[in-house]
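A.B. asks: Here it is: the structure, laid out below.
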Amino acid sequence: MTTIINDRISEIIDGKRVITKKPELLAPAGNLEKLKIAVHYGADAVFIGGQEFGLRSNAGNFSIEEMAEGVEFANRYGAKIYVTTNIFAHNENMNGLEDYLQALEGVGITGIIVADPLIIETCKEVAPKLEIHLSTQQSLSNWKAVQYWKEQGLERVVLARETGAEEIQLMKEKVDIEIESFVHGAMCIAYSGRCVLSNHMTARDSNRGGCCQSCRWDYDLYAVEDGEEKPLFEEGQEAFAMSPKDLKLIESIPKIIELGIDSLKVEGRMKSIHYIATVVTVYRKVIDAYCADPENFVIKREWLEELDKCANRETASSFFEGEPSYEQQMFGVHGKQTNYDFCGMVLDYDEETQMVTLQQRNYFKPGDEIEFFGPAIENFTIVVEEIFDEQGESLDAARHPLQIVRFKCEHKVNAHDMIRKEMR
C-alpha cells in the first residue's frame, strides 16, 4: 500500500499543501515525573494507570491525588490525560468501581481506556463526562466491529496491534469515529495482549495486571520421542524465546497521517524518562515536519539514529506494512541496541556564568564527552571539564544517584534537557 493523499485532512495554504488535521501524539507515563517529561518533550496527551482496574500492576501508577496534580500540570500545556481501566474484571474486581470512576471525573481526567463492557456501561451511568476509549485488549480489527462500538457511544477505539494499514483505511472510510493506533513500543506474542502464559507459570493473571512477560523468558526445547525427552539444543547454544521485535513505525508516519488516524500511541509506561523523552521528541519532530510540508518531506537519518540512543530491543514494522514473517520475531535475542547511558537531567542554567545545574542519573566524570538533547535545542556535545557539588567543591566524578552537580557549558540549555554519553 502506497501513501494515498487524503484531502480530508489537508488544505492549500499560500500555494502549499498543509496537513490541518494533525494527529495526537500519545505518550506513556508510569509515574508523575514521566508524565511531566512526556508533556515537556511534546506529547499532546498521556496515558497513565491508576492503582486499580489497570493492566500494569508493576508500573508506578497514580493515586487520585497524583492524578489531580498531573491534570493541573497537563492543563497548563494544553495536554490531555487518559487512564487505563482495561482489566477483564472478575466479580471480586468490581468493588469500588463507581467511586473510582467518579473520582477520575472529579479530578479532570479526559477519558478512560477500557475493555470490559461492564466498566463501559458503569462509566456512562456514573461518570458521563469521561470519554470512553476502547482498549486494544478488545482485539478490534474490522470496520463492522468499529461501527458496533460507535453505536455503543464510544468516542475512540484503540485498534488491535495486529491491524494493517489497508484495514485501517477501510475503517476510516466506513465509520466516523476516532481511531488510536500504536506506532512504537513492545508487541505481545499473544493476540492483542490476550495471554495466559503468566497465569499458568506464575499464577499471575495477565489480563488483570499481573503479566510476568513469560514469553520473554529463555527456554530449552525438547522433543518427546517414545516417552523420552530429547533436547533440541546443544550445550552453550542460545536459548529459545518467543517474543516479537518491538514496533517502530517512524518511517510510516506519512502513511499513518494520510490515513487520518487520530492518535499515535507510544507504548512503555514502565520505560525510563530517557526513553520517553527520546522517543516523544523524535515522533514530535517527524509529525510536525510532515504536517508542515508533506510534499517535500523526507525522513532524516538523524531521527533514526536518535531512536537508537534509548534502550530498545530490535524493531520492526509488525503488521502495519503487511503480514510479518519469522524475521520480525525474536528467538532468544535480548540484547539492547543502545550504546548510550542516560547521565542526568538539567535543573537550571545560569547564562551569566554558563554553569549547568544537573541532577545526576548515571556515572560521568571530567574528560567525558556528553551529549545534550531537549525539546527546544538541537543536540550538541561537549567535553566535561571540572564538576562541582552543591557546595562548590570539586569532584573527581558524578557518581551518586540523584546527586546535584554543576559544570560549565557554553551552549544555553533549559530545565528538563538531558545529557547522555556514548559507551566506548
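Quick note on naming: the chains in the C-alpha cells go A, B, ... in the order shown, residues restart at 1 in each chain, and ligands are numbered from 1 in order of appearance.
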Output as a ChimeraX atom specification all residues of range 204-360 of chain A that backbone DSSP marks as alpha helix (DSSP H).

C.D. replies: /A:253-258,273-292,301-307

A.B. asks: Quick one: residues within 12 Å of Ser63 in chain A, only C-alpha atoms counted, chain neighbours fewer than 5 positions away excluded, as a PDB file with N, CA and C atoms, in the first residue's frame?

C.D. replies:
```pdb
ATOM      1  N   GLY A  30       4.420   6.123  33.597  1.00  0.00           N
ATOM      2  CA  GLY A  30       4.239   5.230  34.724  1.00  0.00           C
ATOM      3  C   GLY A  30       4.218   5.932  36.059  1.00  0.00           C
ATOM      4  N   ASN A  31       4.624   7.201  36.094  1.00  0.00           N
ATOM      5  CA  ASN A  31       4.555   7.986  37.331  1.00  0.00           C
ATOM      6  C   ASN A  31       4.510   9.468  36.968  1.00  0.00           C
ATOM      7  N   LEU A  32       4.451  10.309  37.986  1.00  0.00           N
ATOM      8  CA  LEU A  32       4.258  11.739  37.771  1.00  0.00           C
ATOM      9  C   LEU A  32       5.439  12.386  37.059  1.00  0.00           C
ATOM     10  N   ILE A  48      -1.998   6.958  31.545  1.00  0.00           N
ATOM     11  CA  ILE A  48      -1.452   6.545  32.828  1.00  0.00           C
ATOM     12  C   ILE A  48      -2.306   5.415  33.395  1.00  0.00           C
ATOM     13  N   GLY A  49      -1.809   4.783  34.437  1.00  0.00           N
ATOM     14  CA  GLY A  49      -2.579   3.768  35.144  1.00  0.00           C
ATOM     15  C   GLY A  49      -2.866   4.229  36.557  1.00  0.00           C
ATOM     16  N   GLY A  50      -4.063   3.930  37.039  1.00  0.00           N
ATOM     17  CA  GLY A  50      -4.370   4.168  38.433  1.00  0.00           C
ATOM     18  C   GLY A  50      -3.948   2.964  39.261  1.00  0.00           C
ATOM     19  N   GLN A  51      -4.262   2.989  40.514  1.00  0.00           N
ATOM     20  CA  GLN A  51      -3.883   1.890  41.400  1.00  0.00           C
ATOM     21  C   GLN A  51      -4.921   0.772  41.411  1.00  0.00           C
ATOM     22  N   GLU A  52      -5.952   0.917  40.574  1.00  0.00           N
ATOM     23  CA  GLU A  52      -6.973  -0.118  40.444  1.00  0.00           C
ATOM     24  C   GLU A  52      -7.387  -0.255  38.985  1.00  0.00           C
ATOM     25  N   ALA A  68      -4.617  14.281  40.103  1.00  0.00           N
ATOM     26  CA  ALA A  68      -5.032  15.687  40.168  1.00  0.00           C
ATOM     27  C   ALA A  68      -3.860  16.614  39.864  1.00  0.00           C
ATOM     28  N   GLU A  69      -2.698  16.299  40.432  1.00  0.00           N
ATOM     29  CA  GLU A  69      -1.503  17.106  40.146  1.00  0.00           C
ATOM     30  C   GLU A  69      -1.105  16.997  38.680  1.00  0.00           C
ATOM     31  N   GLY A  70      -1.212  15.780  38.126  1.00  0.00           N
ATOM     32  CA  GLY A  70      -0.892  15.589  36.720  1.00  0.00           C
ATOM     33  C   GLY A  70      -1.822  16.350  35.800  1.00  0.00           C
ATOM     34  N   VAL A  83      -6.762   7.475  31.453  1.00  0.00           N
ATOM     35  CA  VAL A  83      -6.431   6.483  32.478  1.00  0.00           C
ATOM     36  C   VAL A  83      -6.852   5.099  31.986  1.00  0.00           C
ATOM     37  N   TYR A 100     -14.467   4.983  42.024  1.00  0.00           N
ATOM     38  CA  TYR A 100     -13.214   5.226  41.310  1.00  0.00           C
ATOM     39  C   TYR A 100     -13.459   6.049  40.040  1.00  0.00           C
ATOM     40  N   ALA A 103     -14.228   9.563  40.859  1.00  0.00           N
ATOM     41  CA  ALA A 103     -13.020  10.279  41.287  1.00  0.00           C
ATOM     42  C   ALA A 103     -12.199  10.724  40.079  1.00  0.00           C
ATOM     43  N   LEU A 104     -12.082   9.857  39.069  1.00  0.00           N
ATOM     44  CA  LEU A 104     -11.369  10.238  37.846  1.00  0.00           C
ATOM     45  C   LEU A 104     -12.025  11.440  37.188  1.00  0.00           C
ATOM     46  N   VAL A 107     -11.340  14.797  39.178  1.00  0.00           N
ATOM     47  CA  VAL A 107     -10.036  15.474  39.109  1.00  0.00           C
ATOM     48  C   VAL A 107      -9.718  15.976  37.701  1.00  0.00           C
TER      49      VAL A 107
END
```

A.B. asks: Can you pull out every residue within 12 Å of Glu305 in chain A, counting only C-alpha atoms, but drop anything in the same chain fewer than 3 positions away, and send it as a CSV table (one decimal) with all heavy atoms, in the first residue's frame?

C.D. replies:
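Written file, around.csv:
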```
chain,number,residue,atom,x,y,z
A,250,ILE,N,8.3,4.8,12.6
A,250,ILE,CA,8.7,6.2,12.4
A,250,ILE,C,8.7,6.5,10.9
A,250,ILE,O,8.3,7.5,10.4
A,250,ILE,CB,10.1,6.4,13.0
A,250,ILE,CG1,10.4,7.9,13.0
A,250,ILE,CG2,11.2,5.7,12.3
A,250,ILE,CD1,9.6,8.7,14.0
A,278,THR,N,13.3,10.7,24.6
A,278,THR,CA,13.9,10.5,23.3
A,278,THR,C,12.8,10.1,22.2
A,278,THR,O,12.8,10.7,21.1
A,278,THR,CB,14.9,9.4,23.4
A,278,THR,OG1,15.9,9.7,24.3
A,278,THR,CG2,15.6,9.1,22.0
A,279,VAL,N,12.0,9.2,22.5
A,279,VAL,CA,11.0,8.7,21.6
A,279,VAL,C,10.0,9.8,21.3
A,279,VAL,O,9.6,10.0,20.1
A,279,VAL,CB,10.3,7.4,22.1
A,279,VAL,CG1,9.2,7.0,21.2
A,279,VAL,CG2,11.3,6.3,22.2
A,282,VAL,N,11.5,12.6,19.0
A,282,VAL,CA,11.6,12.2,17.6
A,282,VAL,C,10.3,12.1,16.9
A,282,VAL,O,10.1,12.7,15.8
A,282,VAL,CB,12.3,10.8,17.5
A,282,VAL,CG1,12.4,10.4,16.0
A,282,VAL,CG2,13.8,10.9,18.0
A,299,ILE,N,12.5,11.6,5.5
A,299,ILE,CA,13.0,11.1,6.8
A,299,ILE,C,14.5,11.4,7.0
A,299,ILE,O,15.3,11.0,6.1
A,299,ILE,CB,12.7,9.6,7.0
A,299,ILE,CG1,11.3,9.3,7.2
A,299,ILE,CG2,13.6,9.0,8.1
A,299,ILE,CD1,10.8,9.5,8.6
A,300,LYS,N,14.8,12.1,8.1
A,300,LYS,CA,16.2,12.4,8.3
A,300,LYS,C,16.9,11.3,9.0
A,300,LYS,O,16.4,10.7,9.9
A,300,LYS,CB,16.3,13.7,9.1
A,300,LYS,CG,15.7,14.9,8.4
A,300,LYS,CD,15.9,16.2,9.3
A,300,LYS,CE,15.3,17.4,8.7
A,300,LYS,NZ,15.4,18.6,9.6
A,301,ARG,N,18.1,11.0,8.6
A,301,ARG,CA,18.9,10.0,9.2
A,301,ARG,C,19.1,10.2,10.7
A,301,ARG,O,19.1,9.3,11.5
A,301,ARG,CB,20.3,9.9,8.5
A,301,ARG,CG,21.2,8.8,9.2
A,301,ARG,CD,22.5,8.7,8.4
A,301,ARG,NE,22.3,8.2,7.1
A,301,ARG,CZ,22.3,7.0,6.7
A,301,ARG,NH1,22.4,6.0,7.7
A,301,ARG,NH2,22.1,6.6,5.5
A,302,GLU,N,19.2,11.5,11.1
A,302,GLU,CA,19.5,11.9,12.5
A,302,GLU,C,18.3,11.4,13.4
A,302,GLU,O,18.5,11.1,14.6
A,302,GLU,CB,19.7,13.4,12.6
A,302,GLU,CG,18.5,14.2,12.3
A,302,GLU,CD,18.9,15.6,12.0
A,302,GLU,OE1,19.7,15.9,11.1
A,302,GLU,OE2,18.4,16.5,12.6
A,308,ASP,N,17.8,5.1,18.2
A,308,ASP,CA,18.7,4.0,18.7
A,308,ASP,C,19.5,4.4,19.9
A,308,ASP,O,20.2,3.5,20.4
A,308,ASP,CB,19.6,3.7,17.5
A,308,ASP,CG,18.9,2.9,16.4
A,308,ASP,OD1,17.8,2.4,16.6
A,308,ASP,OD2,19.4,2.9,15.3
A,309,LYS,N,19.4,5.6,20.4
A,309,LYS,CA,20.1,6.0,21.5
A,309,LYS,C,19.4,5.7,22.9
A,309,LYS,O,20.0,5.9,23.9
A,309,LYS,CB,20.5,7.5,21.5
A,309,LYS,CG,21.4,7.9,20.3
A,309,LYS,CD,21.7,9.4,20.2
A,309,LYS,CE,22.6,9.7,19.1
A,309,LYS,NZ,22.9,11.1,18.9
A,310,CYS,N,18.2,5.3,22.8
A,310,CYS,CA,17.5,4.9,24.0
A,310,CYS,C,17.3,3.4,24.1
A,310,CYS,O,17.3,2.7,23.0
A,310,CYS,CB,16.1,5.6,24.2
A,310,CYS,SG,15.0,5.2,22.9
A,337,GLN,N,20.0,-2.3,21.7
A,337,GLN,CA,20.8,-1.7,20.7
A,337,GLN,C,21.6,-0.5,21.2
A,337,GLN,O,22.6,-0.2,20.6
A,337,GLN,CB,19.8,-1.3,19.6
A,337,GLN,CG,19.2,-2.4,18.8
A,337,GLN,CD,18.3,-1.9,17.7
A,337,GLN,OE1,17.5,-1.0,18.0
A,337,GLN,NE2,18.4,-2.4,16.5
A,338,THR,N,21.1,0.1,22.2
A,338,THR,CA,21.7,1.4,22.6
A,338,THR,C,23.2,1.3,23.0
A,338,THR,O,23.5,0.3,23.7
A,338,THR,CB,20.9,2.1,23.6
A,338,THR,OG1,21.5,3.4,23.9
A,338,THR,CG2,20.8,1.3,24.9
A,339,ASN,N,24.0,2.2,22.7
A,339,ASN,CA,25.3,2.3,23.2
A,339,ASN,C,25.5,3.6,24.1
A,339,ASN,O,26.6,4.1,24.3
A,339,ASN,CB,26.3,2.4,22.0
A,339,ASN,CG,26.5,1.1,21.3
A,339,ASN,OD1,26.5,0.0,21.9
A,339,ASN,ND2,26.5,1.2,20.0
A,340,TYR,N,24.4,4.1,24.5
A,340,TYR,CA,24.4,5.3,25.3
A,340,TYR,C,23.8,5.1,26.7
A,340,TYR,O,22.9,4.3,26.9
A,340,TYR,CB,23.5,6.4,24.6
A,340,TYR,CG,24.2,7.0,23.4
A,340,TYR,CD1,24.1,6.3,22.2
A,340,TYR,CD2,24.9,8.2,23.4
A,340,TYR,CE1,24.7,6.8,21.0
A,340,TYR,CE2,25.5,8.7,22.3
A,340,TYR,CZ,25.4,8.0,21.1
A,340,TYR,OH,26.0,8.5,20.0
A,379,ASN,N,20.7,18.9,19.3
A,379,ASN,CA,21.7,18.1,20.0
A,379,ASN,C,23.1,18.6,19.8
A,379,ASN,O,23.4,19.1,18.7
A,379,ASN,CB,21.6,16.6,19.6
A,379,ASN,CG,20.4,15.9,19.9
A,379,ASN,OD1,19.3,16.5,20.2
A,379,ASN,ND2,20.4,14.6,20.0
```

A.B. asks: Quick one: everything within 8 Å of range 353-368 of chain A, counting only C-alpha atoms, minus sequence neighbours fewer than 5 positions away in the same chain. Send it as a ChimeraX atom specification.

C.D. replies: /A:341-348,383-387,396-413,421

A.B. asks: Between CA of Asp14 in chain A and CA of Tyr290 in chain A, what distance in Å does the model show, to one decimal?

C.D. replies: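 Going from CA of Asp14 in chain A over to CA of Tyr290 in chain A, I get 16.7 Å.
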
A.B. asks: Output as a PyMOL selection string all residues of range 38-267 of chain A that backbone DSSP marks as strand (DSSP E or B).

C.D. replies: chain A and resi 45-50+62+80-85+111-114+131-134+156-158+178-185+219+222-225+228-231+240+243-244+246-248+263-266

A.B. asks: What does the distance between CA of Thr110 in chain A and CA of Thr122 in chain A come to in Å, to one decimal place?

C.D. replies: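 CA of Thr122 in chain A lies at a distance of 16.4 Å from CA of Thr110 in chain A.
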
A.B. asks: Got a sec: who's within 6 Å of Val157 in chain A, counting only C-alpha atoms, leaving out chain neighbours fewer than 2 positions off, as a ChimeraX atom specification?

C.D. replies: /A:133-134,179

A.B. asks: Find, counting only C-alpha atoms, the residue in A:Ile120, A:Ile19, A:Val266, A:Ile287 that gets nearest to Met187 in chain A.

C.D. replies: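 Under the stated criterion, the closest residue is A:Val266.
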
A.B. asks: Got a sec: who's within 6 Å of range 268-274 of chain A, counting only C-alpha atoms, leaving out chain neighbours fewer than 4 positions off, as a list in words?

C.D. replies: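 Non-adjacent residues within range: Pro28, Ala29, Gly30, Lys34 and Ala59 of chain A.
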
A.B. asks: Please list as a list of chain:residue names every residue within 9 Å of Glu166 in chain A, counting only C-alpha atoms and excluding residues in the same chain fewer than 4 positions away.

C.D. replies: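 My reading of the contact set: A:Met1, A:Leu170, A:Met171, A:Phe320, A:Glu321, A:Gly322.
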
A.B. asks: So that I have them on file, write out the residues from the current selection with N, CA and C atoms, as a CSV table (one decimal), in the first residue's frame.

C.D. replies:
```
chain,number,residue,atom,x,y,z
A,1,MET,N,0.8,-1.2,0.0
A,1,MET,CA,0.0,0.0,0.0
A,1,MET,C,0.9,1.2,0.0
A,170,LEU,N,-10.0,1.2,5.5
A,170,LEU,CA,-11.4,0.9,5.3
A,170,LEU,C,-12.2,1.3,6.5
A,171,MET,N,-11.7,1.2,7.7
A,171,MET,CA,-12.3,1.6,8.9
A,171,MET,C,-12.6,3.1,8.9
A,320,PHE,N,1.6,-3.5,10.4
A,320,PHE,CA,1.1,-2.3,9.7
A,320,PHE,C,1.4,-2.3,8.2
A,321,GLU,N,2.6,-2.8,7.9
A,321,GLU,CA,3.0,-2.7,6.5
A,321,GLU,C,2.8,-4.1,5.8
A,322,GLY,N,2.1,-5.0,6.4
A,322,GLY,CA,1.8,-6.3,5.8
A,322,GLY,C,2.1,-7.4,6.8
```
